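Asks: Structure incoming, see below.
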Amino acid sequence: MSAAPKPEILAAFEAAKGFMPVDEGLALYAAAVEAGGLGLPLLEVGTYCGRSTVLLADAARSAGVTALTVDHHRGSEEQQPGWDYHDPETVDLEIGLMDTLPAFRRTLFKAGLEDHVVALVGRSPQIAAIWNSPLGFVFVDGGHTDEHATADYEGWAPHVAEGGLLVIHDVFPHPEDEFTGQAPYRVYLRALDSGAFTEISATGSLRVLRRTGTGV
């Protein structure tokens, strides 16, 4: 039976700003709990306001490891003004740019999980370029262009330890979903084609893969 978050953790997840549905959140949590058994950190790319971070942080707490979350907090392409996923409440009115860091910190504080998360504030490729430690879990949920999704995969997938999990969000195989999910879908296919990863579950647009080989 898959691990499930306690009601208060699920409530904190649902209360946070974000776009992940509950069924995918439950699958993410179960994967994070399993990966936590390796005794290595759990990392996500794409924090936004901390919706999924709540689940990873609680899974990390249960396993006695740390959750890491990477984001520049200026919003991805589809979250900018004029786009469907833009939320005016995330804009810093003084500078006129998005800043989701305050909302993220509030999310963790309300959930009582601040001590179990390290926020890495910066651009994913820059942080990945100086990262040199193995990870038990990498959740790719950052930008949805080919440039950004590919950079996230190339930067972080090599750090997934043997037996660890690579989780990719917003995997949509149909061409009509080009804007929201075709880039993650292409990264997902690349991971499978590499021979380094084997798919173990699919829930909605969430794909969970295990490292079973070398390379990326």
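Chain labels follow the order of the structure tokens: the first chain is A, the next B, and so on; residue numbering restarts at 1 in every chain, and ligands are counted from 1 in their shown order.
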Could you list, as a list in words, every residue within 12 Å of Asp115 (chain A), counting only C-alpha atoms and ignoring same-chain residues fewer than 5 positions away?
Replies: Val54, Ala57, Asp58, Ala60, Arg61, Gly64, Val65, Thr66, Ala67, Leu68, Arg105, Leu108 and Phe109 of chain A
Asks: Counting only C-alpha atoms, what is within 10 Å of Val121 (chain A), bar same-chain residues fewer than 2 positions away, as a list in words?
Replies: Thr47, Thr69, Val70, Asp71, His72, His73, Leu101, Val118, Ala119, Arg123, Ser124 and Ile127 of chain A
Asks: Pick out the residues sitting within 6 Å of region 142-159 of chain A, and hand them over as a compact mmCIF listing (two decimals) with all heavy atoms, in the first residue's frame; count only C-alpha atoms, and ignore anything fewer than 6 positions along from it in its own chain.
Replies:
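Written output follows (out_7.txt):
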```txt
# COMPACT_ATOMS: atom_id res chain seq x y z
N VAL A 45 12.61 20.84 -8.91
CA VAL A 45 12.89 22.01 -9.73
C VAL A 45 11.55 22.65 -10.06
O VAL A 45 10.70 22.03 -10.72
CB VAL A 45 13.62 21.63 -11.03
CG1 VAL A 45 13.93 22.88 -11.84
CG2 VAL A 45 14.89 20.85 -10.73
N GLY A 46 11.34 23.87 -9.58
CA GLY A 46 10.08 24.56 -9.79
C GLY A 46 9.27 24.61 -8.50
O GLY A 46 8.43 23.75 -8.24
N SER A 76 7.57 31.23 -14.31
CA SER A 76 7.91 30.69 -15.62
C SER A 76 7.12 31.43 -16.70
O SER A 76 6.33 32.34 -16.41
CB SER A 76 7.64 29.19 -15.67
OG SER A 76 6.30 28.91 -15.31
N ALA A 128 22.55 23.70 -10.79
CA ALA A 128 22.93 22.33 -11.17
C ALA A 128 24.41 22.26 -11.55
O ALA A 128 25.07 21.24 -11.29
CB ALA A 128 22.07 21.86 -12.33
N PRO A 134 24.94 13.15 -4.74
CA PRO A 134 23.86 12.29 -5.23
C PRO A 134 22.53 12.65 -4.58
O PRO A 134 22.48 13.12 -3.44
CB PRO A 134 24.30 10.88 -4.84
CG PRO A 134 25.22 11.09 -3.68
CD PRO A 134 25.91 12.39 -3.93
N LEU A 135 21.46 12.40 -5.32
CA LEU A 135 20.11 12.68 -4.86
C LEU A 135 19.26 11.42 -4.96
O LEU A 135 19.40 10.64 -5.91
CB LEU A 135 19.47 13.79 -5.70
CG LEU A 135 20.18 15.15 -5.67
CD1 LEU A 135 19.72 16.03 -6.82
CD2 LEU A 135 19.96 15.85 -4.33
N ALA A 183 7.05 19.84 -24.04
CA ALA A 183 8.47 19.84 -23.68
C ALA A 183 8.75 18.83 -22.56
O ALA A 183 9.69 18.03 -22.68
CB ALA A 183 8.93 21.24 -23.29
```
Asks: Per residue of region 150-175 of chain A within 9 Å of region 20-32 of chain A, note the shortest atom pair and the distance in Å to one decimal, counting only C-alpha atoms, and order the rows by chain and increasing residue number, as JSON lines.
Replies:
```
{"residue": "A:Leu165", "atom": "CA", "partner": "A:Ala31", "partner_atom": "CA", "distance": 7.5}
{"residue": "A:Val167", "atom": "CA", "partner": "A:Leu28", "partner_atom": "CA", "distance": 7.9}
{"residue": "A:His169", "atom": "CA", "partner": "A:Glu24", "partner_atom": "CA", "distance": 8.8}
```
Asks: Please produce a file of the residues just selected, as an mmCIF file, in the first residue's frame, where the atoms kept are C-alpha atoms.
Replies:
```
data_model
loop_
_atom_site.group_PDB
_atom_site.id
_atom_site.type_symbol
_atom_site.label_atom_id
_atom_site.label_comp_id
_atom_site.auth_asym_id
_atom_site.auth_seq_id
_atom_site.Cartn_x
_atom_site.Cartn_y
_atom_site.Cartn_z
ATOM 1 C CA LEU A 165 13.501 8.280 -8.697
ATOM 2 C CA VAL A 167 9.647 12.362 -11.500
ATOM 3 C CA HIS A 169 5.306 16.658 -14.222
#
```
Asks: As a compact mmCIF listing (two decimals) with N, CA, C and O atoms, in the first residue's frame, which residues of region 9-98 of chain A does DSSP assign to alpha helix (DSSP H)?
Replies:
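Result saved to part.txt:
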```txt
# COMPACT_ATOMS: atom_id res chain seq x y z
N ILE A 9 -1.36 17.59 6.37
CA ILE A 9 -0.41 17.85 5.29
C ILE A 9 -1.15 17.99 3.96
O ILE A 9 -0.87 18.88 3.16
N LEU A 10 -2.10 17.11 3.73
CA LEU A 10 -2.89 17.21 2.50
C LEU A 10 -3.67 18.53 2.48
O LEU A 10 -3.79 19.16 1.43
N ALA A 11 -4.18 18.95 3.62
CA ALA A 11 -4.90 20.22 3.69
C ALA A 11 -3.98 21.40 3.38
O ALA A 11 -4.37 22.35 2.68
N ALA A 12 -2.73 21.35 3.87
CA ALA A 12 -1.77 22.42 3.57
C ALA A 12 -1.43 22.44 2.08
O ALA A 12 -1.29 23.51 1.48
N PHE A 13 -1.29 21.27 1.49
CA PHE A 13 -1.06 21.16 0.05
C PHE A 13 -2.20 21.80 -0.73
O PHE A 13 -1.99 22.62 -1.63
N GLU A 14 -3.43 21.46 -0.38
CA GLU A 14 -4.57 21.97 -1.12
C GLU A 14 -4.77 23.47 -0.90
O GLU A 14 -5.30 24.16 -1.77
N ALA A 15 -4.34 23.98 0.24
CA ALA A 15 -4.52 25.40 0.54
C ALA A 15 -3.49 26.28 -0.17
O ALA A 15 -3.71 27.49 -0.34
N VAL A 22 -4.94 16.78 -6.76
CA VAL A 22 -4.72 15.94 -5.59
C VAL A 22 -4.19 14.56 -5.96
O VAL A 22 -3.28 14.04 -5.30
N ASP A 23 -4.75 13.93 -7.01
CA ASP A 23 -4.29 12.58 -7.34
C ASP A 23 -2.82 12.55 -7.71
O ASP A 23 -2.08 11.64 -7.32
N GLU A 24 -2.36 13.57 -8.42
CA GLU A 24 -0.94 13.63 -8.76
C GLU A 24 -0.10 13.94 -7.52
O GLU A 24 1.01 13.43 -7.36
N GLY A 25 -0.65 14.77 -6.62
CA GLY A 25 0.05 15.06 -5.38
C GLY A 25 0.25 13.81 -4.53
O GLY A 25 1.31 13.60 -3.95
N LEU A 26 -0.78 12.98 -4.47
CA LEU A 26 -0.66 11.74 -3.69
C LEU A 26 0.39 10.81 -4.31
O LEU A 26 1.14 10.15 -3.58
N ALA A 27 0.43 10.75 -5.63
CA ALA A 27 1.44 9.93 -6.30
C ALA A 27 2.84 10.48 -6.05
O ALA A 27 3.80 9.72 -5.85
N LEU A 28 2.96 11.80 -6.08
CA LEU A 28 4.24 12.44 -5.80
C LEU A 28 4.70 12.12 -4.39
O LEU A 28 5.87 11.79 -4.16
N TYR A 29 3.80 12.22 -3.45
CA TYR A 29 4.13 11.95 -2.05
C TYR A 29 4.60 10.51 -1.87
O TYR A 29 5.62 10.25 -1.21
N ALA A 30 3.87 9.58 -2.44
CA ALA A 30 4.24 8.16 -2.31
C ALA A 30 5.63 7.91 -2.88
O ALA A 30 6.43 7.17 -2.30
N ALA A 31 5.92 8.53 -4.03
CA ALA A 31 7.24 8.36 -4.64
C ALA A 31 8.33 8.96 -3.76
O ALA A 31 9.41 8.39 -3.59
N ALA A 32 8.05 10.13 -3.18
CA ALA A 32 9.04 10.79 -2.34
C ALA A 32 9.33 9.98 -1.08
O ALA A 32 10.47 9.88 -0.64
N VAL A 33 8.28 9.41 -0.50
CA VAL A 33 8.47 8.58 0.69
C VAL A 33 9.34 7.36 0.35
O VAL A 33 10.27 7.01 1.09
N GLU A 34 9.07 6.74 -0.78
CA GLU A 34 9.86 5.58 -1.19
C GLU A 34 11.31 5.97 -1.40
O GLU A 34 12.24 5.31 -0.91
N ALA A 35 11.52 7.07 -2.12
CA ALA A 35 12.89 7.51 -2.42
C ALA A 35 13.63 7.92 -1.16
O ALA A 35 14.85 7.76 -1.06
N GLY A 36 12.89 8.44 -0.18
CA GLY A 36 13.52 8.84 1.07
C GLY A 36 14.23 7.69 1.77
O GLY A 36 15.16 7.91 2.56
N ARG A 51 3.34 24.48 -3.16
CA ARG A 51 2.28 23.46 -3.08
C ARG A 51 2.86 22.05 -3.02
O ARG A 51 2.59 21.29 -2.09
N SER A 52 3.68 21.69 -4.00
CA SER A 52 4.28 20.35 -3.99
C SER A 52 5.38 20.23 -2.95
O SER A 52 5.64 19.13 -2.43
N THR A 53 6.01 21.35 -2.60
CA THR A 53 7.08 21.32 -1.60
C THR A 53 6.57 20.81 -0.26
O THR A 53 7.30 20.14 0.48
N VAL A 54 5.33 21.13 0.06
CA VAL A 54 4.73 20.64 1.31
C VAL A 54 4.81 19.12 1.38
O VAL A 54 5.20 18.54 2.41
N LEU A 55 4.47 18.46 0.29
CA LEU A 55 4.49 17.01 0.26
C LEU A 55 5.91 16.47 0.35
O LEU A 55 6.18 15.51 1.09
N LEU A 56 6.82 17.07 -0.39
CA LEU A 56 8.21 16.61 -0.36
C LEU A 56 8.83 16.84 1.01
O LEU A 56 9.60 16.01 1.50
N ALA A 57 8.52 17.96 1.63
CA ALA A 57 9.08 18.27 2.94
C ALA A 57 8.59 17.28 3.99
O ALA A 57 9.36 16.83 4.85
N ASP A 58 7.32 16.92 3.93
CA ASP A 58 6.81 15.96 4.91
C ASP A 58 7.41 14.58 4.67
O ASP A 58 7.75 13.87 5.63
N ALA A 59 7.57 14.21 3.41
CA ALA A 59 8.21 12.93 3.10
C ALA A 59 9.65 12.93 3.58
O ALA A 59 10.15 11.94 4.13
N ALA A 60 10.35 14.06 3.40
CA ALA A 60 11.73 14.17 3.85
C ALA A 60 11.81 14.09 5.37
O ALA A 60 12.70 13.44 5.93
N ARG A 61 10.87 14.74 6.04
CA ARG A 61 10.84 14.69 7.50
C ARG A 61 10.67 13.25 7.98
O ARG A 61 11.37 12.82 8.92
N SER A 62 9.79 12.52 7.33
CA SER A 62 9.55 11.12 7.74
C SER A 62 10.79 10.26 7.56
O SER A 62 11.04 9.34 8.34
N ALA A 63 11.57 10.57 6.51
CA ALA A 63 12.75 9.76 6.20
C ALA A 63 14.01 10.25 6.90
O ALA A 63 15.05 9.58 6.83
```
Asks: One decimal, in Å: what's the spacing between CA of Ala16 (chain A) and CA of Arg186 (chain A)?
Replies: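 Value for the CA of Ala16 (chain A)-CA of Arg186 (chain A) distance: 28.6 Å.
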Asks: Using only C-alpha atoms, which protein or nucleic acid residues come within 7 Å of region 191-205 of chain A? Drop anything in the same chain fewer than 5 positions from it, and give the result as a ChimeraX atom specification.
Replies: /A:24,27,169-172,210-216
Asks: Quick one: DSSP strand (DSSP E or B) residues in chain A, as an MDAnalysis selection string?
Replies: chainID A and resid 42:45 67:71 91:92 97:98 117:121 135:140 160:168 197:203 206:211
Asks: Selection from above, N, CA and C atoms, as a short mmCIF file (atom, residue, chain, number, x, y, z; two decimals), in the first residue's frame, can you write it?
Replies:
```cif
data_model
loop_
_atom_site.label_atom_id
_atom_site.label_comp_id
_atom_site.auth_asym_id
_atom_site.auth_seq_id
_atom_site.Cartn_x
_atom_site.Cartn_y
_atom_site.Cartn_z
N LEU A 42 15.91 14.90 -1.25
CA LEU A 42 14.86 14.94 -2.27
C LEU A 42 14.85 16.34 -2.87
N LEU A 43 14.91 16.44 -4.18
CA LEU A 43 15.01 17.76 -4.81
C LEU A 43 13.91 17.96 -5.84
N GLU A 44 13.34 19.17 -5.84
CA GLU A 44 12.40 19.54 -6.89
C GLU A 44 12.90 20.78 -7.62
N VAL A 45 12.61 20.84 -8.91
CA VAL A 45 12.89 22.01 -9.73
C VAL A 45 11.55 22.65 -10.06
N ALA A 67 14.58 18.10 2.12
CA ALA A 67 13.99 18.45 0.82
C ALA A 67 14.65 19.72 0.31
N LEU A 68 15.00 19.71 -0.95
CA LEU A 68 15.62 20.87 -1.61
C LEU A 68 14.68 21.34 -2.71
N THR A 69 14.53 22.65 -2.86
CA THR A 69 13.65 23.15 -3.91
C THR A 69 14.32 24.31 -4.63
N VAL A 70 14.33 24.24 -5.96
CA VAL A 70 15.07 25.17 -6.81
C VAL A 70 14.11 26.05 -7.60
N ASP A 71 14.28 27.36 -7.49
CA ASP A 71 13.43 28.28 -8.26
C ASP A 71 14.02 29.69 -8.16
N VAL A 91 2.81 39.36 -7.81
CA VAL A 91 3.65 40.44 -8.32
C VAL A 91 4.11 41.35 -7.19
N ASP A 92 5.39 41.65 -7.15
CA ASP A 92 5.96 42.63 -6.23
C ASP A 92 5.66 44.01 -6.82
N LEU A 97 7.75 42.99 -10.82
CA LEU A 97 8.07 41.64 -11.26
C LEU A 97 7.44 40.62 -10.31
N MET A 98 7.23 39.42 -10.81
CA MET A 98 6.74 38.35 -9.95
C MET A 98 7.77 38.02 -8.88
N VAL A 117 13.22 21.99 4.82
CA VAL A 117 13.41 22.40 3.42
C VAL A 117 14.56 23.39 3.32
N VAL A 118 15.38 23.21 2.30
CA VAL A 118 16.39 24.20 1.92
C VAL A 118 15.96 24.77 0.57
N ALA A 119 15.70 26.08 0.55
CA ALA A 119 15.31 26.74 -0.69
C ALA A 119 16.55 27.22 -1.42
N LEU A 120 16.73 26.77 -2.63
CA LEU A 120 17.85 27.19 -3.48
C LEU A 120 17.29 28.22 -4.47
N VAL A 121 17.54 29.49 -4.18
CA VAL A 121 16.95 30.58 -4.98
C VAL A 121 17.91 30.97 -6.09
N LEU A 135 21.46 12.40 -5.32
CA LEU A 135 20.11 12.68 -4.86
C LEU A 135 19.26 11.42 -4.96
N GLY A 136 18.38 11.23 -4.02
CA GLY A 136 17.50 10.06 -4.08
C GLY A 136 16.27 10.29 -4.93
N PHE A 137 16.02 11.56 -5.25
CA PHE A 137 14.75 11.91 -5.88
C PHE A 137 14.92 13.26 -6.56
N VAL A 138 14.53 13.35 -7.82
CA VAL A 138 14.50 14.62 -8.54
C VAL A 138 13.13 14.78 -9.20
N PHE A 139 12.47 15.87 -8.88
CA PHE A 139 11.15 16.18 -9.43
C PHE A 139 11.29 17.37 -10.37
N VAL A 140 11.10 17.14 -11.67
CA VAL A 140 11.24 18.18 -12.68
C VAL A 140 9.87 18.80 -12.95
N VAL A 160 20.73 11.69 -9.96
CA VAL A 160 19.85 10.69 -9.35
C VAL A 160 20.64 9.42 -9.09
N ALA A 161 20.67 8.99 -7.84
CA ALA A 161 21.44 7.80 -7.47
C ALA A 161 20.81 6.54 -8.02
N GLU A 162 21.58 5.48 -8.10
CA GLU A 162 21.04 4.18 -8.52
C GLU A 162 19.88 3.79 -7.61
N GLY A 163 18.77 3.42 -8.22
CA GLY A 163 17.58 3.09 -7.45
C GLY A 163 16.73 4.29 -7.09
N GLY A 164 17.26 5.49 -7.31
CA GLY A 164 16.52 6.72 -7.03
C GLY A 164 15.45 6.99 -8.09
N LEU A 165 14.64 8.00 -7.83
CA LEU A 165 13.50 8.28 -8.70
C LEU A 165 13.64 9.63 -9.40
N LEU A 166 13.28 9.64 -10.66
CA LEU A 166 13.14 10.85 -11.46
C LEU A 166 11.65 11.01 -11.75
N VAL A 167 11.07 12.12 -11.32
CA VAL A 167 9.65 12.36 -11.50
C VAL A 167 9.48 13.58 -12.40
N ILE A 168 8.65 13.44 -13.42
CA ILE A 168 8.44 14.52 -14.39
C ILE A 168 6.97 14.89 -14.39
N PHE A 197 16.65 5.03 -17.19
CA PHE A 197 15.46 5.10 -16.35
C PHE A 197 14.37 4.17 -16.87
N THR A 198 13.61 3.62 -15.93
CA THR A 198 12.49 2.73 -16.23
C THR A 198 11.25 3.29 -15.56
N GLU A 199 10.18 3.43 -16.32
CA GLU A 199 8.94 3.97 -15.76
C GLU A 199 8.32 2.97 -14.78
N ILE A 200 7.89 3.49 -13.62
CA ILE A 200 7.25 2.61 -12.65
C ILE A 200 5.81 3.01 -12.35
N SER A 201 5.42 4.26 -12.69
CA SER A 201 4.02 4.62 -12.49
C SER A 201 3.68 5.88 -13.29
N ALA A 202 2.37 6.02 -13.58
CA ALA A 202 1.85 7.20 -14.26
C ALA A 202 0.52 7.56 -13.62
N THR A 203 0.40 8.82 -13.20
CA THR A 203 -0.84 9.32 -12.61
C THR A 203 -1.14 10.67 -13.23
N LEU A 206 1.70 13.01 -14.33
CA LEU A 206 2.90 12.75 -13.53
C LEU A 206 3.49 11.39 -13.89
N ARG A 207 4.79 11.38 -14.20
CA ARG A 207 5.48 10.14 -14.52
C ARG A 207 6.60 9.91 -13.50
N VAL A 208 6.65 8.68 -12.98
CA VAL A 208 7.69 8.32 -12.01
C VAL A 208 8.59 7.28 -12.65
N LEU A 209 9.90 7.58 -12.70
CA LEU A 209 10.88 6.69 -13.31
C LEU A 209 11.96 6.36 -12.29
N ARG A 210 12.46 5.14 -12.35
CA ARG A 210 13.54 4.72 -11.46
C ARG A 210 14.85 4.60 -12.24
N ARG A 211 15.94 5.07 -11.60
CA ARG A 211 17.24 4.87 -12.25
C ARG A 211 17.63 3.41 -12.15
#
```
Asks: Have a look at CA of Ala103 (chain A) and CA of Cys49 (chain A) and let me know their distance in Å, one decimal.
Replies: 5.3 Å
